[in-house]
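Just below is one structure, and these are the notes that go with it.
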Amino acid sequence: MDIALSLLVLAIAALVLGATALFRRGGYRKQAVLMLVLAAVMAVNVAILVVPTGSGETVAAAAKEKAPE
C-alpha cells in the first residue's frame, strides 16, 4: 500500500507540472484542465487513505491489518 500511495503522489506532481507546461505553451487548455482535474481526484483518494478516521486509525493502516498475506 505504501508503494501505491507514493506512486500516486508522484503522479499528482507530474500531472500538475505537465498541466502548467501545457498552460504556458497555449492551445492545450482543455487537456491541461483535465490533467488538473485528474490530479485533484487522485489527491482526494490519497487524502481518504491517509487522513485518520474518528478512531484515530487511517484507512490504509486498517487495510494493511486486514489484508491476507
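Scheme for the C-alpha cells: letters A, B, ... for chains in order shown; per-chain residue numbers from 1; ligand numbers from 1 in order shown.
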Contacts of Ala11 of chain A within 10 Å, only C-alpha atoms, excl. fewer than 6 positions in-chain, as a list in words: Leu5, Leu17, Leu38, Ala39, Met42 and Ala43 of chain A
How about saving the chosen residues, C-alpha atoms kept, as a CSV table (one decimal), in the first residue's frame?
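Generated file (again_5.csv):
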chain,number,residue,atom,x,y,z
A,5,LEU,CA,0.5,5.9,-2.2
A,17,LEU,CA,3.8,20.1,-13.7
A,38,LEU,CA,-7.3,14.1,-12.6
A,39,ALA,CA,-4.7,15.4,-10.1
A,42,MET,CA,-6.1,11.5,-7.1
A,43,ALA,CA,-5.3,13.9,-4.3
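Comparing the minimum interatomic distances between Leu8 of chain A and each of A:Thr53, A:Asn45, A:Thr58, A:Thr20, counting only C-alpha atoms, we find that A:Asn45 sits nearest.
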Nearest candidate to Ala47 of chain A (options A:Val16, A:Met1, A:Val9, A:Val33; using only C-alpha atoms):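 With only C-alpha atoms as the atom set, the closest residue is A:Val9.
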Test item, alpha helix (DSSP H) assignment across chain A, answer as a count of residues only: 54
Option closest in space to Leu7 of chain A, from A:Val46, A:Arg29, A:Met35, A:Ala21 [counting only C-alpha atoms]: A:Val46
Surrounding residues of Leu36 of chain A excluding itself and chain neighbours under 4 positions, 8 Å, only C-alpha atoms, as a list of chain:residue names: A:Leu15, A:Val16, A:Ala19, A:Ala32, A:Ala40
For atom CA of Gly18 of chain A and atom CA of Leu34 of chain A, the interatomic separation in Å (one decimal):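 Spanning atom CA of Gly18 of chain A to atom CA of Leu34 of chain A is a straight-line distance of 11.0 Å.
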Distance in Å - atom CA of Ser6 of chain A versus atom CA of Val50 of chain A: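 The value is 11.5 Å.
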Using only C-alpha atoms: which of A:Leu49, A:Leu22, A:Val37, A:Ile3 has the shortest distance to Ala63 of chain A: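 For Ala63 of chain A, the nearest of the candidates is A:Leu49.
You can rank A:Lys66, A:Arg25, A:Ala61, A:Ile12 by their closest distance to Val44 of chain A using only C-alpha atoms, and at the top of that list sits A:Ile12.
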